[in-house]
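Here is start26.txt, consisting of compact mmCIF, C-alpha atoms:
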# COMPACT_ATOMS: atom_id res chain seq x y z
CA MET A 7 14.52 -16.27 26.20
CA ALA A 8 14.70 -18.36 23.02
CA ALA A 9 11.56 -18.51 20.89
CA VAL A 10 9.76 -21.85 20.92
CA ALA A 11 7.05 -23.36 18.74
CA ALA A 12 3.48 -23.54 19.97
CA PRO A 13 2.46 -26.89 21.52
CA ALA A 14 1.54 -29.45 18.87
CA GLY A 15 -2.17 -30.09 18.40
CA PRO A 16 -4.42 -32.09 16.04
CA LEU A 17 -3.99 -29.65 13.15
CA ARG A 18 -0.22 -29.81 13.33
CA ALA A 19 -0.35 -33.60 13.61
CA ARG A 20 -2.36 -33.79 10.37
CA PHE A 21 0.01 -31.34 8.72
CA GLU A 22 3.10 -33.30 9.75
CA ARG A 23 1.51 -36.59 8.68
CA ASP A 24 0.24 -35.51 5.25
CA GLY A 25 2.40 -32.50 4.41
CA PHE A 26 -0.74 -30.38 4.06
CA ALA A 27 -3.79 -29.39 6.11
CA VAL A 28 -7.13 -27.99 4.98
CA ILE A 29 -8.98 -25.50 7.19
CA GLU A 30 -12.43 -24.56 5.90
CA GLY A 31 -14.11 -21.27 6.85
CA PHE A 32 -10.84 -19.56 7.72
CA ALA A 33 -11.45 -16.15 6.09
CA PRO A 34 -14.79 -14.32 6.01
CA ASP A 35 -16.56 -14.11 2.65
CA ALA A 36 -16.52 -10.30 2.80
CA GLU A 37 -12.71 -10.26 3.03
CA CYS A 38 -12.41 -12.71 0.14
CA ASP A 39 -14.70 -10.51 -1.96
CA ALA A 40 -12.71 -7.39 -1.05
CA LEU A 41 -9.41 -8.99 -2.10
CA ARG A 42 -10.91 -10.14 -5.40
CA ALA A 43 -12.33 -6.72 -6.20
CA HIS A 44 -9.04 -5.05 -5.30
CA ALA A 45 -6.99 -7.45 -7.43
CA GLU A 46 -9.26 -6.79 -10.38
CA ALA A 47 -8.81 -3.05 -9.83
CA LEU A 48 -5.02 -3.50 -9.82
CA VAL A 49 -5.23 -5.32 -13.15
CA ALA A 50 -7.46 -2.60 -14.59
CA ALA A 51 -4.87 0.01 -13.63
CA PHE A 52 -1.92 -2.03 -14.95
CA GLU A 53 -0.19 -0.42 -17.92
CA SER A 54 1.33 -3.43 -19.62
CA GLY A 55 3.29 -1.66 -22.36
CA ASP A 56 5.68 -4.24 -23.79
CA VAL A 57 5.49 -6.53 -20.76
CA ARG A 58 4.81 -10.11 -21.83
CA SER A 59 6.21 -11.93 -18.82
CA ILE A 60 4.87 -15.46 -18.37
CA PHE A 61 5.73 -17.59 -15.36
CA THR A 62 5.17 -21.34 -15.20
CA THR A 63 6.58 -24.07 -12.98
CA ASP A 64 7.26 -26.22 -16.04
CA GLU A 65 9.78 -23.95 -17.79
CA GLN A 66 11.49 -22.02 -15.03
CA SER A 67 14.99 -21.97 -16.50
CA ARG A 68 13.76 -20.69 -19.87
CA ARG A 69 10.99 -18.35 -18.77
CA THR A 70 12.83 -16.12 -16.34
CA ASP A 71 13.49 -12.50 -17.21
CA ALA A 72 14.50 -9.26 -15.52
CA TYR A 73 10.88 -8.29 -14.91
CA PHE A 74 10.30 -11.55 -13.03
CA LEU A 75 13.64 -11.62 -11.21
CA GLY A 76 13.09 -8.10 -9.91
CA SER A 77 9.62 -8.80 -8.52
CA GLY A 78 10.66 -9.84 -5.00
CA GLU A 79 10.01 -6.33 -3.71
CA ALA A 80 7.44 -5.23 -6.27
CA ILE A 81 3.88 -5.72 -7.45
CA ARG A 82 4.12 -7.11 -10.97
CA PHE A 83 1.79 -8.84 -13.39
CA PHE A 84 2.31 -12.12 -15.22
CA PHE A 85 0.28 -13.37 -18.15
CA GLU A 86 -1.26 -16.75 -18.92
CA SER A 87 0.66 -18.48 -21.70
CA LEU A 88 -2.62 -19.39 -23.43
CA ALA A 89 -3.71 -15.74 -23.46
CA PHE A 90 -1.63 -15.03 -26.57
CA GLY A 91 -2.34 -16.12 -30.12
CA PRO A 92 0.26 -17.15 -32.72
CA ASP A 93 0.67 -13.48 -33.70
CA GLY A 94 1.65 -12.54 -30.15
CA GLU A 95 -1.54 -10.59 -29.55
CA LEU A 96 -3.97 -11.26 -26.72
CA ARG A 97 -6.76 -13.68 -27.60
CA VAL A 98 -8.88 -12.63 -24.63
CA PRO A 99 -9.61 -9.30 -22.91
CA ARG A 100 -6.65 -8.15 -20.84
CA GLU A 101 -8.56 -8.50 -17.56
CA ARG A 102 -8.97 -12.20 -18.39
CA SER A 103 -5.36 -12.70 -19.48
CA ILE A 104 -3.42 -12.29 -16.21
CA ASN A 105 -2.15 -15.43 -14.51
CA LYS A 106 -0.94 -13.84 -11.28
CA ILE A 107 0.29 -10.77 -9.43
CA GLY A 108 3.51 -11.10 -7.42
CA HIS A 109 5.48 -11.08 -5.26
CA ALA A 110 5.27 -8.41 -2.53
CA LEU A 111 1.57 -7.63 -2.18
CA HIS A 112 1.84 -8.48 1.53
CA ASP A 113 4.34 -5.65 2.06
CA LEU A 114 3.35 -3.01 -0.50
CA ASP A 115 -0.44 -3.09 -0.73
CA PRO A 116 -2.34 -2.01 2.42
CA LEU A 117 -5.34 -4.30 1.90
CA PHE A 118 -3.25 -7.40 1.22
CA GLU A 119 -0.92 -6.49 4.08
CA ARG A 120 -3.82 -6.34 6.55
CA PHE A 121 -5.08 -9.71 5.39
CA SER A 122 -1.62 -11.30 5.40
CA ARG A 123 -0.69 -10.06 8.86
CA HIS A 124 -4.06 -10.66 10.49
CA ALA A 125 -3.87 -12.25 13.94
CA ARG A 126 -5.66 -15.38 12.70
CA VAL A 127 -2.88 -15.98 10.14
CA ALA A 128 -0.20 -15.48 12.79
CA ARG A 129 -1.99 -17.96 15.08
CA LEU A 130 -2.21 -20.55 12.31
CA VAL A 131 1.49 -20.24 11.46
CA ALA A 132 2.41 -20.62 15.14
CA GLU A 133 0.11 -23.63 15.48
CA LEU A 134 1.91 -25.25 12.56
CA GLY A 135 5.20 -24.89 14.41
CA VAL A 136 6.99 -22.03 12.62
CA VAL A 137 9.14 -20.08 15.09
CA GLU A 138 9.63 -16.35 14.47
CA PRO A 139 8.03 -16.46 11.01
CA LEU A 140 8.94 -13.99 8.27
CA LEU A 141 6.58 -13.26 5.37
CA LEU A 142 8.75 -13.76 2.31
CA GLN A 143 6.52 -13.87 -0.75
CA SER A 144 2.92 -13.44 -1.84
CA MET A 145 0.99 -14.11 -5.03
CA TYR A 146 -2.52 -13.46 -6.26
CA ILE A 147 -3.49 -16.25 -8.67
CA PHE A 148 -6.46 -15.84 -11.02
CA LYS A 149 -6.74 -19.28 -12.71
CA GLN A 150 -8.73 -17.72 -15.52
CA PRO A 151 -11.70 -19.52 -17.13
CA HIS A 152 -10.68 -21.85 -19.99
CA ILE A 153 -7.06 -20.61 -20.17
CA GLY A 154 -5.95 -20.88 -16.53
CA GLY A 155 -2.87 -22.98 -17.12
CA GLU A 156 -1.85 -26.20 -15.43
CA VAL A 157 0.75 -25.84 -12.69
CA GLY A 158 2.86 -28.98 -12.89
CA CYS A 159 3.61 -31.10 -9.86
CA HIS A 160 6.33 -29.39 -7.84
CA GLN A 161 7.66 -28.64 -4.37
CA ASP A 162 7.72 -25.07 -3.09
CA ALA A 163 11.16 -25.68 -1.56
CA THR A 164 12.50 -26.08 -5.10
CA PHE A 165 11.84 -22.38 -5.68
CA LEU A 166 12.26 -20.96 -2.15
CA HIS A 167 14.97 -22.78 -0.24
CA THR A 168 16.26 -22.23 3.27
CA ASP A 169 18.88 -23.96 5.41
CA PRO A 170 17.55 -25.88 7.21
CA PRO A 171 14.42 -26.33 5.07
CA GLY A 172 11.45 -24.52 6.56
CA VAL A 173 9.20 -22.97 3.90
CA LEU A 174 5.49 -22.95 4.70
CA GLY A 175 2.90 -22.13 2.04
CA LEU A 176 -0.58 -20.79 2.80
CA TRP A 177 -3.11 -21.02 -0.04
CA PHE A 178 -6.29 -19.01 0.56
CA ALA A 179 -9.33 -19.84 -1.58
CA LEU A 180 -11.06 -16.61 -2.58
CA GLU A 181 -13.60 -18.58 -4.62
CA ASP A 182 -14.77 -22.17 -4.46
CA ALA A 183 -12.01 -24.43 -5.83
CA THR A 184 -13.30 -27.61 -7.46
CA THR A 185 -11.93 -30.40 -9.63
CA ASP A 186 -13.56 -28.60 -12.58
CA ASN A 187 -11.92 -25.18 -12.17
CA GLY A 188 -8.43 -26.20 -11.04
CA CYS A 189 -8.31 -27.03 -7.32
CA LEU A 190 -5.03 -28.08 -5.73
CA TRP A 191 -3.87 -31.71 -5.75
CA ALA A 192 -1.19 -33.04 -3.37
CA VAL A 193 0.67 -36.26 -2.55
CA PRO A 194 -0.11 -37.28 1.06
CA GLY A 195 3.14 -37.87 2.91
CA GLY A 196 5.19 -36.83 -0.09
CA HIS A 197 7.08 -34.27 1.95
CA ARG A 198 9.09 -37.07 3.55
CA ALA A 199 10.71 -38.16 0.26
CA GLY A 200 13.26 -35.36 0.11
CA LEU A 201 13.78 -32.52 -2.34
CA GLY A 202 13.84 -33.42 -6.01
CA SER A 203 15.35 -30.30 -7.56
CA LEU A 204 16.54 -26.78 -6.82
CA PHE A 205 15.82 -23.72 -8.94
CA VAL A 206 18.81 -21.41 -8.45
CA ARG A 207 19.75 -17.90 -9.50
CA ASN A 208 23.36 -17.65 -10.57
CA ALA A 209 25.72 -14.74 -10.01
CA ASP A 210 25.11 -13.50 -13.58
CA ASP A 211 21.32 -13.58 -13.06
CA THR A 212 20.84 -16.63 -15.23
CA THR A 213 18.81 -19.43 -13.64
CA THR A 214 19.38 -23.16 -13.48
CA THR A 215 17.36 -26.10 -12.22
CA ARG A 216 19.59 -28.59 -10.39
CA ASP A 217 18.47 -32.21 -10.22
CA LEU A 218 19.01 -33.43 -6.65
CA GLY A 219 17.92 -36.98 -7.34
CA GLY A 220 15.27 -37.11 -4.63
CA ALA A 221 11.49 -36.92 -4.29
CA ALA A 222 10.56 -39.25 -7.16
CA TRP A 223 6.87 -38.94 -6.32
CA ASP A 224 4.16 -41.09 -7.86
CA GLU A 225 1.61 -38.76 -9.45
CA ALA A 226 -0.94 -41.56 -9.22
CA ARG A 227 -0.96 -40.81 -5.48
CA LEU A 228 -2.09 -37.21 -5.96
CA VAL A 229 -5.40 -36.47 -4.24
CA PRO A 230 -7.68 -33.50 -5.01
CA LEU A 231 -8.19 -30.81 -2.38
CA PRO A 232 -11.46 -29.10 -3.33
CA VAL A 233 -12.38 -26.35 -0.88
CA LYS A 234 -14.99 -23.68 -0.37
CA LYS A 235 -14.38 -19.96 -0.58
CA GLY A 236 -12.68 -18.79 2.62
CA ALA A 237 -10.68 -21.98 3.19
CA VAL A 238 -6.91 -22.08 3.62
CA ILE A 239 -4.63 -24.96 2.69
CA ALA A 240 -1.31 -25.11 4.53
CA LEU A 241 1.45 -26.72 2.44
CA HIS A 242 4.76 -28.09 3.70
CA GLY A 243 7.56 -26.78 1.49
CA MET A 244 8.49 -30.34 0.49
CA VAL A 245 5.03 -31.69 -0.35
CA PRO A 246 4.49 -32.32 -4.10
CA HIS A 247 1.39 -30.51 -5.33
CA MET A 248 -0.13 -29.21 -8.55
CA SER A 249 -3.27 -27.84 -10.17
CA LYS A 250 -4.80 -28.76 -13.51
CA GLN A 251 -5.81 -26.39 -16.27
CA ASN A 252 -9.06 -24.58 -15.65
CA GLU A 253 -11.22 -25.67 -18.58
CA SER A 254 -14.44 -24.47 -16.96
CA ASP A 255 -16.20 -21.15 -17.43
CA ARG A 256 -15.56 -20.17 -13.77
CA SER A 257 -12.42 -18.57 -12.42
CA ARG A 258 -10.58 -19.88 -9.34
CA HIS A 259 -9.04 -16.91 -7.56
CA ALA A 260 -6.60 -17.64 -4.74
CA TYR A 261 -4.06 -15.74 -2.67
CA THR A 262 -0.86 -17.35 -1.41
CA LEU A 263 1.77 -16.53 1.20
CA HIS A 264 5.12 -18.16 1.80
CA VAL A 265 6.59 -17.96 5.28
CA VAL A 266 10.08 -18.89 6.49
CA PRO A 267 11.57 -19.17 10.01
CA ALA A 268 13.82 -16.28 11.00
CA ALA A 269 16.51 -18.68 12.18
CA SER A 270 16.86 -20.41 8.80
CA ALA A 271 19.50 -19.12 6.42
CA TYR A 272 18.19 -17.80 3.10
CA PRO A 273 20.93 -18.45 0.49
CA ASP A 274 21.56 -15.95 -2.29
CA THR A 275 21.02 -18.79 -4.76
CA ASN A 276 17.29 -18.15 -4.36
CA TRP A 277 15.73 -16.46 -7.39
CA LEU A 278 13.74 -14.14 -5.11
CA ARG A 279 16.05 -11.61 -3.56
CA ARG A 280 15.23 -8.75 -1.24
CA VAL A 281 17.14 -5.65 -0.31
CA THR A 282 14.70 -4.92 2.50
CA PRO A 283 14.68 -7.83 4.97
CA PRO A 284 11.32 -9.66 5.18
CA ARG A 285 9.16 -8.84 8.19
CA GLY A 286 7.04 -10.98 10.45
CA PHE A 287 3.55 -10.43 11.74

Turn this file's structure into structure tokens for me.
Amino acid sequence: MAAVAAPAGPLRARFERDGFAVIEGFAPDAECDALRAHAEALVAAFESGDVRSIFTTDEQSRRTDAYFLGSGEAIRFFFESLAFGPDGELRVPRERSINKIGHALHDLDPLFERFSRHARVARLVAELGVVEPLLLQSMYIFKQPHIGGEVGCHQDATFLHTDPPGVLGLWFALEDATTDNGCLWAVPGGHRAGLGSLFVRNADDTTTTRDLGGAAWDEARLVPLPVKKGAVIALHGMVPHMSKQNESDRSRHAYTLHVVPAASAYPDTNWLRRVTPPRGF
């Protein structure tokens, strides 16, 4: 029997209308606290050596490197660009300098795997209409106080593309996210404007951003999505969204998952490549 999507309900209707949906109180506080403590322990154990990999959505074609491109099946650490001074040395303690951990926590770390594959997450993905979902990518994002960099307005499908398009992002707030410490902003209905660009990995492992001429969104239409700790924001792969620099003295930890339908083709022009096929719930 062919797999079918769950019947559409109010949550899916909001998601399809706006391109995003906010669900407060999704994850228990204790689980949020456990993920935060574990991420901080991973950073404490990280031996950086000569690693200075920085990843931003503003400079993808110039900021990619082998460390980043090989992270699809690894747990790797990426620094905040503002963490370094003009001399190339860290301006802040190392534990306050990491931008994110990516991109296979959901497969390689037992605690993050349990959280990612929890039944409540599977139910949410089904309710949003994804058939036979596969967990493709995960990131732990710190949004450090004062130096947590802006993430420019972008579409997730620019960086993770399938045919037909079907990327779903899940953004879990592990701390309160406010307009002061860098909450998400999104363009309601912006997912219907098409895809503006495509970030591709070439055969020689260089990367290129292709302008597709679509999705000329009006950033004046961005609305803030402040949420409490434990909330999840579901993001359509085409919806334009961003977050501003965290200029406050409070961090804004979050954990993200990207899910794709098993039936969608995953072209090898994606920057994130896997030898081991992604798994579902």

* **Distance query stretch 262-274 of chain A at most 8 Å, all atoms listed in the file, self and fewer than 2 positions along chain excluded, as a ChimeraX atom specification** => /A:122,136-147,167-178,207,260,276-277,279

Only C-alpha atoms, please: the residues just picked out, written as a PDB file, in the coordinates of the input.
ATOM      1  CA  SER A 122      -1.620 -11.300   5.400  1.00  0.00           C
ATOM      2  CA  VAL A 136       6.990 -22.030  12.620  1.00  0.00           C
ATOM      3  CA  VAL A 137       9.140 -20.080  15.090  1.00  0.00           C
ATOM      4  CA  GLU A 138       9.630 -16.350  14.470  1.00  0.00           C
ATOM      5  CA  PRO A 139       8.030 -16.460  11.010  1.00  0.00           C
ATOM      6  CA  LEU A 140       8.940 -13.990   8.270  1.00  0.00           C
ATOM      7  CA  LEU A 141       6.580 -13.260   5.370  1.00  0.00           C
ATOM      8  CA  LEU A 142       8.750 -13.760   2.310  1.00  0.00           C
ATOM      9  CA  GLN A 143       6.520 -13.870  -0.750  1.00  0.00           C
ATOM     10  CA  SER A 144       2.920 -13.440  -1.840  1.00  0.00           C
ATOM     11  CA  MET A 145       0.990 -14.110  -5.030  1.00  0.00           C
ATOM     12  CA  TYR A 146      -2.520 -13.460  -6.260  1.00  0.00           C
ATOM     13  CA  ILE A 147      -3.490 -16.250  -8.670  1.00  0.00           C
ATOM     14  CA  HIS A 167      14.970 -22.780  -0.240  1.00  0.00           C
ATOM     15  CA  THR A 168      16.260 -22.230   3.270  1.00  0.00           C
ATOM     16  CA  ASP A 169      18.880 -23.960   5.410  1.00  0.00           C
ATOM     17  CA  PRO A 170      17.550 -25.880   7.210  1.00  0.00           C
ATOM     18  CA  PRO A 171      14.420 -26.330   5.070  1.00  0.00           C
ATOM     19  CA  GLY A 172      11.450 -24.520   6.560  1.00  0.00           C
ATOM     20  CA  VAL A 173       9.200 -22.970   3.900  1.00  0.00           C
ATOM     21  CA  LEU A 174       5.490 -22.950   4.700  1.00  0.00           C
ATOM     22  CA  GLY A 175       2.900 -22.130   2.040  1.00  0.00           C
ATOM     23  CA  LEU A 176      -0.580 -20.790   2.800  1.00  0.00           C
ATOM     24  CA  TRP A 177      -3.110 -21.020  -0.040  1.00  0.00           C
ATOM     25  CA  PHE A 178      -6.290 -19.010   0.560  1.00  0.00           C
ATOM     26  CA  ARG A 207      19.750 -17.900  -9.500  1.00  0.00           C
ATOM     27  CA  ALA A 260      -6.600 -17.640  -4.740  1.00  0.00           C
ATOM     28  CA  ASN A 276      17.290 -18.150  -4.360  1.00  0.00           C
ATOM     29  CA  TRP A 277      15.730 -16.460  -7.390  1.00  0.00           C
ATOM     30  CA  ARG A 279      16.050 -11.610  -3.560  1.00  0.00           C
TER      31      ARG A 279
END

Taking only residues of stretch 166-210 of chain A that have an atom at most 12 Å from an atom of stretch 23-46 of chain A, what is each one's shortest atom pair and its distance in Å to one decimal, using only C-alpha atoms, in chain and number order, as JSON lines?
{"residue": "A:Val173", "atom": "CA", "partner": "A:Gly25", "partner_atom": "CA", "distance": 11.7}
{"residue": "A:Leu174", "atom": "CA", "partner": "A:Phe26", "partner_atom": "CA", "distance": 9.7}
{"residue": "A:Gly175", "atom": "CA", "partner": "A:Phe26", "partner_atom": "CA", "distance": 9.2}
{"residue": "A:Leu176", "atom": "CA", "partner": "A:Phe26", "partner_atom": "CA", "distance": 9.7}
{"residue": "A:Trp177", "atom": "CA", "partner": "A:Val28", "partner_atom": "CA", "distance": 9.5}
{"residue": "A:Phe178", "atom": "CA", "partner": "A:Ala33", "partner_atom": "CA", "distance": 8.1}
{"residue": "A:Ala179", "atom": "CA", "partner": "A:Cys38", "partner_atom": "CA", "distance": 8.0}
{"residue": "A:Leu180", "atom": "CA", "partner": "A:Cys38", "partner_atom": "CA", "distance": 4.9}
{"residue": "A:Glu181", "atom": "CA", "partner": "A:Cys38", "partner_atom": "CA", "distance": 7.7}
{"residue": "A:Asp182", "atom": "CA", "partner": "A:Cys38", "partner_atom": "CA", "distance": 10.8}
{"residue": "A:Ala183", "atom": "CA", "partner": "A:Glu30", "partner_atom": "CA", "distance": 11.7}
{"residue": "A:Leu190", "atom": "CA", "partner": "A:Val28", "partner_atom": "CA", "distance": 10.9}
{"residue": "A:Trp191", "atom": "CA", "partner": "A:Phe26", "partner_atom": "CA", "distance": 10.4}
{"residue": "A:Ala192", "atom": "CA", "partner": "A:Phe26", "partner_atom": "CA", "distance": 7.9}
{"residue": "A:Val193", "atom": "CA", "partner": "A:Asp24", "partner_atom": "CA", "distance": 7.8}
{"residue": "A:Pro194", "atom": "CA", "partner": "A:Asp24", "partner_atom": "CA", "distance": 4.6}
{"residue": "A:Gly195", "atom": "CA", "partner": "A:Asp24", "partner_atom": "CA", "distance": 4.4}
{"residue": "A:Gly196", "atom": "CA", "partner": "A:Gly25", "partner_atom": "CA", "distance": 6.8}
{"residue": "A:His197", "atom": "CA", "partner": "A:Gly25", "partner_atom": "CA", "distance": 5.6}
{"residue": "A:Arg198", "atom": "CA", "partner": "A:Gly25", "partner_atom": "CA", "distance": 8.1}
{"residue": "A:Ala199", "atom": "CA", "partner": "A:Gly25", "partner_atom": "CA", "distance": 10.9}

* Got a sec to check which residues sit within 10 Å of (5.7, -41.1, -7.4), counting only C-alpha atoms, and write them as a list of chain:residue names? -> A:Val193, A:Gly196, A:Ala199, A:Ala221, A:Ala222, A:Trp223, A:Asp224, A:Glu225, A:Ala226, A:Arg227, A:Leu228, A:Pro246

* Residues near A:Gly76, cut-off 12 Å, all atoms listed in the file, skip fewer than 6 positions along chain, as a ChimeraX atom specification -> /A:59,70,82-83,108-110,207,211,277-281

* Structure fact -> Using all atoms listed in the file, the residue out of A:Ala50, A:Leu130, A:Ala19, A:Cys189 with shortest distance to A:Lys149 is A:Cys189

* Structure fact -> Students should find that atom CA of A:Val229 and atom CA of A:Phe205 are spaced 25.2 Å

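Relative to atom CA of A:Asp113, atom CA of A:Pro284 is found at 8.6 Å.
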
* Asked: Around (-14.5, -26.1, -5.6) in the file's own coordinates, what residues are found within 9 Å if you use only C-alpha atoms, given back as an MDAnalysis selection string?
  -> chainID A and resid 181:189 231:235 258

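Interatomic distance, atom CA of A:Gly154 to atom CA of A:Leu48: 18.7 Å.
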
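Nearest to A:Leu201 of all the residues A:Thr213, A:Asp71, A:Ala163, A:Ser87 is A:Ala163, based on all atoms listed in the file.
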
If you take every atom of stretch 187-199 of chain A that the file lists and fit an axis-aligned box around them with 6 Å extra on each side, what centre and edge lengths come out in Å to one decimal, as JSON?
{"center_x": -0.6, "center_y": -31.7, "center_z": -4.3, "size_x": 34.6, "size_y": 25.0, "size_z": 27.7}

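Among A:Leu114, A:Val245, A:Ala237, A:Val206, the residue with the shortest atom-to-atom distance to A:Leu75, counting all atoms listed in the file, is A:Val206.
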
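Closest to A:Ile239 among A:Ala47, A:Val127, A:Asp93, A:Ala72 is A:Val127, based on only C-alpha atoms.
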